[in-house]
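The structure appears right after this line, and notes come after that.
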There are 2 protein chains.
Amino acid sequence: MNHETITPLYWQDEALVLLDQRRLPGEERWLHYTDVAGVVTAIREMVVRGAPAIGIAGAYGMVFAAEAAWRSAGADWRRQWQADVQALRHARPTAVNLAWAIDLMERFAAGLTGAPQAAMLGEARRLHEADLAANHRMGQLGAALIDANATVMTHCNAGALATAGHGTALGVIRDAHAAGRIARVFATETRPWLQGARLTSWELSRSGVPVQLITDGSAAHVMRTRGVSWVIVGADRVAANGDVANKIGTYGLAIAARAHGARVMVVAPRSTIDLATASGDDIEIEERAGEEITHIGGQRYAPAAVTAFNPVFDVTPAHLVDALVTEIGVLERPNRETLARLLAAAD
Amino acid sequence: MNHETITPLYWQDEALVLLDQRRLPGEERWLHYTDVAGVVTAIREMVVRGAPAIGIAGAYGMVFAAEAAWRSAGADWRRQWQADVQALRHARPTAVNLAWAIDLMERFAAGLTGAPQAAMLGEARRLHEADLAANHRMGQLGAALIDANATVMTHCNAGALATAGHGTALGVIRDAHAAGRIARVFATETRPWLQGARLTSWELSRSGVPVQLITDGSAAHVMRTRGVSWVIVGADRVAANGDVANKIGTYGLAIAARAHGARVMVVAPRSTIDLATASGDDIEIEERAGEEITHIGGQRYAPAAVTAFNPVFDVTPAHLVDALVTEIGVLERPNRETLARLLAAAD
């Protein structure tokens with residue numbers, strides 16, 4: 001794997017092949033999946049993570065669902081597959097890209113006749129390729145907003161590893177760096193999964209982008225003392241009013257950014273925008289096991305008697321978002337009206 | 001050790017005995033020190049940490065310095081000991097309590113005649129006991145500010161382990177809990193050293209205070225969704241204008257608190273207030289090795305090519321401090337004038 005081809009997943013010989021992101025950067029392990037149950041577990045256990053990437057993995061999971069239903073029920077296959085479809089749709093709750101991809105594949109399936117596998121695979125591949133193209137488009141649109149000699153901050157991993165490739169937030173940073181505008185990137189380590197330490201710093205250093213790792217708690221101090229011009233992040237869901245659900249910690253960064261005159265750029269494909277979710281208050285925030293906080297690397301750090309509260313996303317209100325970059329256009333300070341217009345113009 | 005007697009250090013048989021806080025809560029290891037070099041290393045390597053506790057450790061270190069100088073130079077001992085005094089004073093830069101304790105011991109030494117050890121030890125013990133008494137006084141003053149059924153947040157460890165006992169921020173929380181006013185405490189884990197996970201959650205659970213651990217990045221989300229009324233922290237230095245240096249992450253919490261109507265209480269003994277430091281901009285912020293971030297528990301998480309920026313304190317401007325609690329009184333929104341008046345009244 002070289003830096004031009006960082007990708008978290010591909011299809012080969014009737015299998016979905018996922019890079020096990022829990023092992024990075026120490027080990028590059030690829031796991032092969034050939035059924036729905038495997039894909040659901042891989043998504044839930046974060047073998048694959050990142051909103052667009054789990055959407056693509058879900059789309060390939062729908063190929064397995066169709067194939068299994070066809071094998072057991074023939075032409076009645078669409079009466080058989082609902083349990084699998086629901087399992088895929090609900091493997092993780094917060095990122096809407098997963099449900100979006102499942103819905104898209106289900107609508108596509110409705111028009112099929114005969115054995116569905118080849119057509120379903122073709123549609124999953126189309127969605128996969130469209131995500132890559134969207135990232136390159138967002139990279140250009142977002143990079144155009146960044147002034148010369150910029151110090152930027154990013155959180156979690158909204159990179160090639162979270163998408164079909166190139167990345168959303170990191171696609172913008174890569175393209176801005178290629179254009180000579182990036183002086184330095186501060187990557188927050190992003191507890192508890194350390195996606196910043198393990199994935200973002202790995203991606204950026206491989207791409208030759210100057211990156212320094214910081215603890216999540218250092219962000220406000222770094223903004224105050226190092227002059228950050230943009231905080232650039234991805235998103236797991238953008239509500240109809242422009243509120244943004246993203247990795248836990250994003251909201252605190254956005255508050256600190258506003259206090260320091262740093263701007264917040266959210267980079268996410270159109271599939272992340274969910275008009276069916278009125279506002280951030282309506283987004284289900286996934287809470288994972290407290291052991292993800294009390295233990296690191298299999299070792300317990302907190303006393304056995306102590307529990308942890310582990311929400312893994314938070315909501316940044318639209319008024320703290322200075323720019324929403326999608327492949328169909330850029331919105332400054334998005335709101336219900338401008339978001340609706342953007343989507344209407346693109347449809 | 002039961003919860004009435006949590007203490008990070010004591011004097012026994014001509015040795016300073018320190019609880020190795022790097023091993024907690026998994027292991028309770030006590031290390032014995034009998035010379036200045038040992039005490040300096042223990043402070044620098046964080047066997048003992050917490051601004052008041054390192055001040056007390058430094059005071060006992062001055063007993064060793066006096067003893068060694070007397071042994072080698074007799075009555076001329078105060079001409080011999082400056083290298084040791086400086087080594088102790090500068091073992092760590094940000095917490096002023098260390099320099100304050102060294103200065104106090106040096107002034108005390110100036111008035112001595114004959115062999116200094118017993119008198120120096122008496123003075124160190126006096127300082128040690130005064131810190132404990134100050135914490136109990138601050139606990140009462142701070143607890144009086146807290147309304148019934150309060151959800152509070154604390155950062156790092158400003159507890160018994162950071163002081164002679166009882167704690168500054170945790171002293172307030174303990175006393176408010178004893179008065180029946182604490183519904184729940186959220187303790188931030190406090191990367192990179194995890195003092196919240198390892199020390200604060202351990203102290204509070206032993207004291208029967210309901211505590212939940214959160215990642216540092218979760219704080220703003222918890223404030224928005226769980227109704228935090230006070231963020232209660234210690235301090236490493238309070239400048240003459242009321243700016244507060246404390247553990248990295250405090251500043252971001254204070255910004256988030258203001259955005260959510262949570263109040264910020266800084267609890268610190270009079271010895272933390274440094275009128276010789278005009279403002280937060282004049283406080284030296286210690287930067288430690290990047291490996292404290294890239295590695296956890298001896299295991300590397302970030303790629304080898306990536307460096308980390310590791311400032312371990314930050315500065316919270318006075319206007320974000322709602323209450324400064326000291327043993328000589330409480331100031332709301334401290335500023336240069338009210339701080340000067342408070343100190344003048346107490347001196």
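Order determines the names: the first chain of the structure tokens is A, the second B, and so forth; residues in each chain are numbered 1 upward, and ligands are numbered 1 upward as they are shown.
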Chain A contacts on chain B, only C-alpha atoms, 8 Å, as a PyMOL selection string:
chain B and resi 25-26+190-192+194+197-199+201-202+205+211-221+248-252+255-256+259+293-294+296+301-303+305-311+314-315
Could you turn the residues from that selection into a file that holds C-alpha atoms, as a PDB file, in the first residue's frame?
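Printed below is selection_16.pdb as written:
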ATOM      1  CA  PRO B  25      -4.162   2.487  40.980  1.00  0.00           C
ATOM      2  CA  GLY B  26      -2.747  -0.913  40.056  1.00  0.00           C
ATOM      3  CA  THR B 190      -6.709  13.751  31.517  1.00  0.00           C
ATOM      4  CA  ARG B 191      -4.365  12.638  28.823  1.00  0.00           C
ATOM      5  CA  PRO B 192      -1.524  12.023  28.556  1.00  0.00           C
ATOM      6  CA  LEU B 194      -4.460   9.828  32.862  1.00  0.00           C
ATOM      7  CA  ALA B 197      -8.642   7.814  35.262  1.00  0.00           C
ATOM      8  CA  ARG B 198      -5.923   6.600  37.586  1.00  0.00           C
ATOM      9  CA  LEU B 199      -6.043   8.970  40.548  1.00  0.00           C
ATOM     10  CA  SER B 201     -11.626   8.215  39.996  1.00  0.00           C
ATOM     11  CA  TRP B 202      -9.709   6.104  42.505  1.00  0.00           C
ATOM     12  CA  SER B 205     -14.708   6.021  44.523  1.00  0.00           C
ATOM     13  CA  VAL B 211     -17.967   9.359  39.854  1.00  0.00           C
ATOM     14  CA  GLN B 212     -18.003   8.563  36.156  1.00  0.00           C
ATOM     15  CA  LEU B 213     -14.986   8.759  33.944  1.00  0.00           C
ATOM     16  CA  ILE B 214     -15.157  10.532  30.564  1.00  0.00           C
ATOM     17  CA  THR B 215     -12.654  11.265  27.838  1.00  0.00           C
ATOM     18  CA  ASP B 216     -11.328  14.820  27.755  1.00  0.00           C
ATOM     19  CA  GLY B 217     -13.058  15.391  24.420  1.00  0.00           C
ATOM     20  CA  SER B 218     -16.474  14.492  25.880  1.00  0.00           C
ATOM     21  CA  ALA B 219     -16.626  17.421  28.280  1.00  0.00           C
ATOM     22  CA  ALA B 220     -18.596  19.865  26.116  1.00  0.00           C
ATOM     23  CA  HIS B 221     -21.093  17.159  25.135  1.00  0.00           C
ATOM     24  CA  ILE B 248      -3.553  21.092  29.949  1.00  0.00           C
ATOM     25  CA  GLY B 249      -7.212  20.953  29.014  1.00  0.00           C
ATOM     26  CA  THR B 250      -8.449  23.244  31.774  1.00  0.00           C
ATOM     27  CA  TYR B 251      -8.652  26.206  29.387  1.00  0.00           C
ATOM     28  CA  GLY B 252     -10.831  24.308  26.912  1.00  0.00           C
ATOM     29  CA  ILE B 255     -14.407  27.998  27.457  1.00  0.00           C
ATOM     30  CA  ALA B 256     -16.975  25.205  27.141  1.00  0.00           C
ATOM     31  CA  ALA B 259     -20.797  28.481  26.695  1.00  0.00           C
ATOM     32  CA  ILE B 293       1.550  11.039  23.910  1.00  0.00           C
ATOM     33  CA  THR B 294       2.760   8.681  21.178  1.00  0.00           C
ATOM     34  CA  ILE B 296       0.747   4.500  26.297  1.00  0.00           C
ATOM     35  CA  TYR B 301       0.301   4.002  19.051  1.00  0.00           C
ATOM     36  CA  ALA B 302       1.417   6.675  16.595  1.00  0.00           C
ATOM     37  CA  PRO B 303       3.679   5.786  13.666  1.00  0.00           C
ATOM     38  CA  ALA B 305       7.694   8.991  11.852  1.00  0.00           C
ATOM     39  CA  VAL B 306       5.240  11.169  13.806  1.00  0.00           C
ATOM     40  CA  THR B 307       6.138  13.585  16.589  1.00  0.00           C
ATOM     41  CA  ALA B 308       3.855  14.996  19.255  1.00  0.00           C
ATOM     42  CA  PHE B 309       3.599  18.441  20.831  1.00  0.00           C
ATOM     43  CA  ASN B 310       3.112  17.994  24.563  1.00  0.00           C
ATOM     44  CA  PRO B 311       2.476  21.157  26.580  1.00  0.00           C
ATOM     45  CA  ASP B 314      -2.405  25.832  29.851  1.00  0.00           C
ATOM     46  CA  VAL B 315      -3.600  29.249  30.966  1.00  0.00           C
TER      47      VAL B 315
END
Find the nearest atom pair between each residue of range 86-176 of chain B and range 44-61 of chain B for residues within 9 Å, count only C-alpha atoms, give distances in Å to one decimal, sort rows by chain and ascending number, and present the table as a Markdown table.
| residue | atom | partner | partner_atom | distance |
| --- | --- | --- | --- | --- |
| B:Leu88 | CA | B:Gly58 | CA | 6.2 |
| B:Arg89 | CA | B:Gly58 | CA | 7.6 |
| B:Ala91 | CA | B:Arg44 | CA | 5.6 |
| B:Arg92 | CA | B:Arg44 | CA | 6.0 |
| B:Thr94 | CA | B:Ala51 | CA | 8.7 |
| B:Ala95 | CA | B:Ala51 | CA | 5.3 |
| B:Val96 | CA | B:Ala51 | CA | 7.4 |
| B:Asn97 | CA | B:Gly55 | CA | 5.0 |
| B:Leu98 | CA | B:Gly55 | CA | 3.9 |
| B:Ala99 | CA | B:Gly55 | CA | 7.3 |
| B:Trp100 | CA | B:Gly55 | CA | 7.3 |
| B:Ala101 | CA | B:Gly55 | CA | 5.3 |
| B:Ile102 | CA | B:Ala59 | CA | 6.0 |
| B:Leu104 | CA | B:Ala59 | CA | 8.4 |
| B:Met105 | CA | B:Ala59 | CA | 6.4 |
| B:Met120 | CA | B:Tyr60 | CA | 8.2 |
| B:Leu121 | CA | B:Tyr60 | CA | 6.9 |
| B:Glu123 | CA | B:Ala59 | CA | 8.3 |
| B:Ala124 | CA | B:Ala59 | CA | 5.3 |
| B:Arg125 | CA | B:Tyr60 | CA | 8.1 |
| B:Leu127 | CA | B:Ile56 | CA | 7.0 |
| B:His128 | CA | B:Ile56 | CA | 5.9 |
| B:Asp131 | CA | B:Pro52 | CA | 7.4 |
| B:Asn157 | CA | B:Gly50 | CA | 7.4 |
| B:Ala158 | CA | B:Gly50 | CA | 6.7 |
| B:Gly159 | CA | B:Gly50 | CA | 8.4 |
| B:Ala160 | CA | B:Ala53 | CA | 9.0 |
| B:Leu161 | CA | B:Gly50 | CA | 7.3 |
| B:Ala162 | CA | B:Gly50 | CA | 4.0 |
| B:Thr163 | CA | B:Ala53 | CA | 4.3 |
| B:Ala164 | CA | B:Ala53 | CA | 6.1 |
| B:Gly165 | CA | B:Ala53 | CA | 8.9 |
Could you name the residues that touch Ala169 in chain B at 8 Å or less, counting only C-alpha atoms, but leaving out those on the same chain fewer than 3 positions away, as a list in words?
Gly139, Thr154, Ala158, Gly159, Val172, Ile173, Ile232, Val233, Gly234, Val266, Val267 and Ala268 of chain B
Return as number ranges by chain the full set of residues in range 225-330 of chain A whose backbone-based DSSP assignment is strand (DSSP E or B).
A: 230-233, 237-239, 244-247, 263-267, 273-274, 287, 295-296, 299-300, 307-308, 311, 313-316, 323-326, 329-330
Using only C-alpha atoms: which of B:Arg184, B:Trp193, B:Thr272, B:Arg263 has the shortest distance to Ala289 in chain B
B:Trp193
I want to know what sits within 12 Å of Asp13 in chain A, based on only C-alpha atoms, with residues of the same chain fewer than 3 positions away left out; could you give that as a list in words?
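In the requested format, the answer is Tyr10, Leu16, Val17, His32, Tyr33, Thr34 and Leu121 of chain A.
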I'd like the contact shell of Ala344 in chain A - 12 Å cut-off, only C-alpha atoms, skipping same-chain residues fewer than 5 positions apart - returned as a PDB file with all heavy atoms, in the first residue's frame.
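Listing of part32.pdb after writing:
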ATOM      1  N   ARG A 270     -22.661  14.498   0.047  1.00  0.00           N
ATOM      2  CA  ARG A 270     -24.100  14.758   0.079  1.00  0.00           C
ATOM      3  C   ARG A 270     -24.848  13.663   0.852  1.00  0.00           C
ATOM      4  O   ARG A 270     -25.853  13.941   1.514  1.00  0.00           O
ATOM      5  CB  ARG A 270     -24.583  14.829  -1.383  1.00  0.00           C
ATOM      6  CG  ARG A 270     -26.028  15.228  -1.572  1.00  0.00           C
ATOM      7  CD  ARG A 270     -26.906  14.055  -1.925  1.00  0.00           C
ATOM      8  NE  ARG A 270     -28.321  14.377  -1.800  1.00  0.00           N
ATOM      9  CZ  ARG A 270     -29.011  14.211  -0.657  1.00  0.00           C
ATOM     10  NH1 ARG A 270     -28.415  13.828   0.465  1.00  0.00           N
ATOM     11  NH2 ARG A 270     -30.302  14.451  -0.626  1.00  0.00           N
ATOM     12  N   LEU A 275     -32.071  15.077   5.480  1.00  0.00           N
ATOM     13  CA  LEU A 275     -33.190  16.013   5.644  1.00  0.00           C
ATOM     14  C   LEU A 275     -34.286  15.424   6.528  1.00  0.00           C
ATOM     15  O   LEU A 275     -35.104  16.169   7.070  1.00  0.00           O
ATOM     16  CB  LEU A 275     -33.760  16.407   4.280  1.00  0.00           C
ATOM     17  CG  LEU A 275     -32.817  17.218   3.391  1.00  0.00           C
ATOM     18  CD1 LEU A 275     -33.529  17.650   2.116  1.00  0.00           C
ATOM     19  CD2 LEU A 275     -32.270  18.440   4.120  1.00  0.00           C
ATOM     20  N   ILE A 328     -21.392  18.717  -3.939  1.00  0.00           N
ATOM     21  CA  ILE A 328     -22.354  19.468  -4.752  1.00  0.00           C
ATOM     22  C   ILE A 328     -22.316  20.961  -4.444  1.00  0.00           C
ATOM     23  O   ILE A 328     -23.129  21.725  -4.960  1.00  0.00           O
ATOM     24  CB  ILE A 328     -23.789  18.923  -4.580  1.00  0.00           C
ATOM     25  CG1 ILE A 328     -24.212  18.945  -3.101  1.00  0.00           C
ATOM     26  CG2 ILE A 328     -23.909  17.504  -5.144  1.00  0.00           C
ATOM     27  CD1 ILE A 328     -25.665  18.583  -2.859  1.00  0.00           C
ATOM     28  N   GLY A 329     -21.362  21.378  -3.616  1.00  0.00           N
ATOM     29  CA  GLY A 329     -21.229  22.797  -3.341  1.00  0.00           C
ATOM     30  C   GLY A 329     -20.815  23.089  -1.909  1.00  0.00           C
ATOM     31  O   GLY A 329     -20.795  22.195  -1.068  1.00  0.00           O
ATOM     32  N   GLU A 337     -32.581  26.628   5.232  1.00  0.00           N
ATOM     33  CA  GLU A 337     -32.948  27.106   3.907  1.00  0.00           C
ATOM     34  C   GLU A 337     -31.826  26.853   2.892  1.00  0.00           C
ATOM     35  O   GLU A 337     -32.065  26.353   1.803  1.00  0.00           O
ATOM     36  CB  GLU A 337     -33.279  28.608   3.956  1.00  0.00           C
ATOM     37  CG  GLU A 337     -34.586  28.918   4.682  1.00  0.00           C
ATOM     38  CD  GLU A 337     -34.539  28.624   6.185  1.00  0.00           C
ATOM     39  OE1 GLU A 337     -33.486  28.880   6.823  1.00  0.00           O
ATOM     40  OE2 GLU A 337     -35.534  28.098   6.738  1.00  0.00           O
ATOM     41  N   THR A 338     -30.604  27.200   3.264  1.00  0.00           N
ATOM     42  CA  THR A 338     -29.522  27.057   2.286  1.00  0.00           C
ATOM     43  C   THR A 338     -29.232  25.582   2.021  1.00  0.00           C
ATOM     44  O   THR A 338     -28.898  25.209   0.890  1.00  0.00           O
ATOM     45  CB  THR A 338     -28.250  27.786   2.754  1.00  0.00           C
ATOM     46  OG1 THR A 338     -27.842  27.265   4.032  1.00  0.00           O
ATOM     47  CG2 THR A 338     -28.502  29.279   2.889  1.00  0.00           C
ATOM     48  N   LEU A 339     -29.368  24.749   3.050  1.00  0.00           N
ATOM     49  CA  LEU A 339     -29.160  23.314   2.837  1.00  0.00           C
ATOM     50  C   LEU A 339     -30.217  22.752   1.881  1.00  0.00           C
ATOM     51  O   LEU A 339     -29.898  21.992   0.962  1.00  0.00           O
ATOM     52  CB  LEU A 339     -29.246  22.565   4.170  1.00  0.00           C
ATOM     53  CG  LEU A 339     -27.947  22.123   4.819  1.00  0.00           C
ATOM     54  CD1 LEU A 339     -28.244  21.433   6.140  1.00  0.00           C
ATOM     55  CD2 LEU A 339     -27.155  21.196   3.911  1.00  0.00           C
TER      56      LEU A 339
END
Report the residues of range 171-335 of chain A whose backbone DSSP state falls under alpha helix (DSSP H), written as a PyMOL selection string.
chain A and resi 171-178+195+201-206+219-226+250-260+291-294
Would you export the selected residues with N, CA and C atoms as a short mmCIF file (atom, residue, chain, number, x, y, z; two decimals), in the first residue's frame, please?
data_model
loop_
_atom_site.label_atom_id
_atom_site.label_comp_id
_atom_site.auth_asym_id
_atom_site.auth_seq_id
_atom_site.Cartn_x
_atom_site.Cartn_y
_atom_site.Cartn_z
N GLY A 171 -8.84 14.91 2.63
CA GLY A 171 -8.78 15.22 1.20
C GLY A 171 -8.55 16.71 0.99
N VAL A 172 -9.26 17.53 1.77
CA VAL A 172 -9.06 18.98 1.70
C VAL A 172 -7.64 19.33 2.12
N ILE A 173 -7.17 18.73 3.21
CA ILE A 173 -5.82 19.04 3.69
C ILE A 173 -4.78 18.57 2.66
N ARG A 174 -4.98 17.40 2.08
CA ARG A 174 -4.04 16.92 1.05
C ARG A 174 -4.00 17.88 -0.13
N ASP A 175 -5.17 18.31 -0.60
CA ASP A 175 -5.19 19.18 -1.78
C ASP A 175 -4.63 20.56 -1.45
N ALA A 176 -4.92 21.05 -0.24
CA ALA A 176 -4.35 22.35 0.16
C ALA A 176 -2.83 22.24 0.30
N HIS A 177 -2.37 21.10 0.78
CA HIS A 177 -0.93 20.89 0.90
C HIS A 177 -0.29 20.81 -0.48
N ALA A 178 -0.96 20.11 -1.39
CA ALA A 178 -0.42 20.01 -2.77
C ALA A 178 -0.35 21.39 -3.41
N GLN A 195 -7.95 7.44 16.87
CA GLN A 195 -7.89 7.49 15.40
C GLN A 195 -6.93 8.55 14.90
N SER A 201 -2.38 10.61 11.74
CA SER A 201 -0.96 10.96 11.69
C SER A 201 -0.23 10.03 10.73
N TRP A 202 -0.69 8.80 10.62
CA TRP A 202 -0.10 7.83 9.70
C TRP A 202 -0.37 8.24 8.25
N GLU A 203 -1.64 8.56 7.96
CA GLU A 203 -1.99 8.98 6.59
C GLU A 203 -1.22 10.24 6.18
N LEU A 204 -1.24 11.24 7.06
CA LEU A 204 -0.64 12.52 6.68
C LEU A 204 0.87 12.41 6.54
N SER A 205 1.50 11.67 7.44
CA SER A 205 2.96 11.55 7.32
C SER A 205 3.32 10.78 6.05
N ARG A 206 2.53 9.78 5.68
CA ARG A 206 2.78 9.06 4.42
C ARG A 206 2.58 9.95 3.21
N ALA A 219 -6.16 21.25 22.55
CA ALA A 219 -6.60 21.99 21.36
C ALA A 219 -6.75 23.49 21.62
N ALA A 220 -7.41 23.87 22.70
CA ALA A 220 -7.65 25.29 22.94
C ALA A 220 -6.32 26.02 23.17
N HIS A 221 -5.40 25.39 23.90
CA HIS A 221 -4.08 25.99 24.12
C HIS A 221 -3.33 26.17 22.80
N VAL A 222 -3.42 25.18 21.94
CA VAL A 222 -2.74 25.27 20.63
C VAL A 222 -3.37 26.39 19.79
N MET A 223 -4.68 26.50 19.83
CA MET A 223 -5.32 27.60 19.09
C MET A 223 -4.84 28.95 19.61
N ARG A 224 -4.74 29.07 20.94
CA ARG A 224 -4.37 30.36 21.53
C ARG A 224 -2.93 30.72 21.24
N THR A 225 -2.06 29.70 21.19
CA THR A 225 -0.62 30.00 21.12
C THR A 225 0.00 29.73 19.76
N ARG A 226 -0.69 29.00 18.87
CA ARG A 226 -0.07 28.61 17.60
C ARG A 226 -0.80 29.13 16.37
N THR A 250 -15.60 16.98 18.73
CA THR A 250 -15.73 18.00 17.68
C THR A 250 -16.41 19.25 18.23
N TYR A 251 -17.46 19.04 19.02
CA TYR A 251 -18.22 20.18 19.55
C TYR A 251 -17.33 21.09 20.41
N GLY A 252 -16.54 20.50 21.29
CA GLY A 252 -15.63 21.30 22.11
C GLY A 252 -14.61 22.05 21.26
N LEU A 253 -14.12 21.41 20.20
CA LEU A 253 -13.18 22.09 19.29
C LEU A 253 -13.87 23.28 18.62
N ALA A 254 -15.13 23.09 18.23
CA ALA A 254 -15.85 24.17 17.53
C ALA A 254 -16.07 25.36 18.46
N ILE A 255 -16.40 25.09 19.73
CA ILE A 255 -16.57 26.18 20.70
C ILE A 255 -15.23 26.92 20.88
N ALA A 256 -14.16 26.16 21.03
CA ALA A 256 -12.84 26.78 21.22
C ALA A 256 -12.42 27.54 19.97
N ALA A 257 -12.73 26.99 18.80
CA ALA A 257 -12.36 27.67 17.55
C ALA A 257 -13.02 29.03 17.47
N ARG A 258 -14.32 29.07 17.77
CA ARG A 258 -15.04 30.34 17.71
C ARG A 258 -14.42 31.35 18.67
N ALA A 259 -13.98 30.88 19.83
CA ALA A 259 -13.38 31.78 20.83
C ALA A 259 -12.03 32.33 20.37
N HIS A 260 -11.41 31.70 19.38
CA HIS A 260 -10.08 32.11 18.94
C HIS A 260 -10.06 32.63 17.51
N GLU A 291 -15.53 0.27 28.92
CA GLU A 291 -14.19 -0.36 28.89
C GLU A 291 -13.31 0.25 27.80
N GLU A 292 -13.91 0.87 26.79
CA GLU A 292 -13.09 1.53 25.76
C GLU A 292 -12.32 2.70 26.36
N ILE A 293 -12.80 3.21 27.52
CA ILE A 293 -12.10 4.30 28.19
C ILE A 293 -11.25 3.77 29.35
N THR A 294 -11.81 2.88 30.15
CA THR A 294 -11.08 2.42 31.35
C THR A 294 -9.87 1.57 30.99
#
Interatomic distance between CA of Val321 in chain B and CA of Leu145 in chain B?
13.8 Å
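Among the candidates B:Met62, B:Ala340, B:Ala73, B:Ala134, the residue lying nearest to Gly122 in chain B is B:Met62 (atoms considered: only C-alpha atoms).
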Would you mind telling me which residue in A:Ala235, A:Ala110, A:Ala130, A:Ile182 lies nearest to Ala144 in chain A when using only C-alpha atoms?
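Of the candidates, the smallest distance to Ala144 in chain A is held by A:Ile182.
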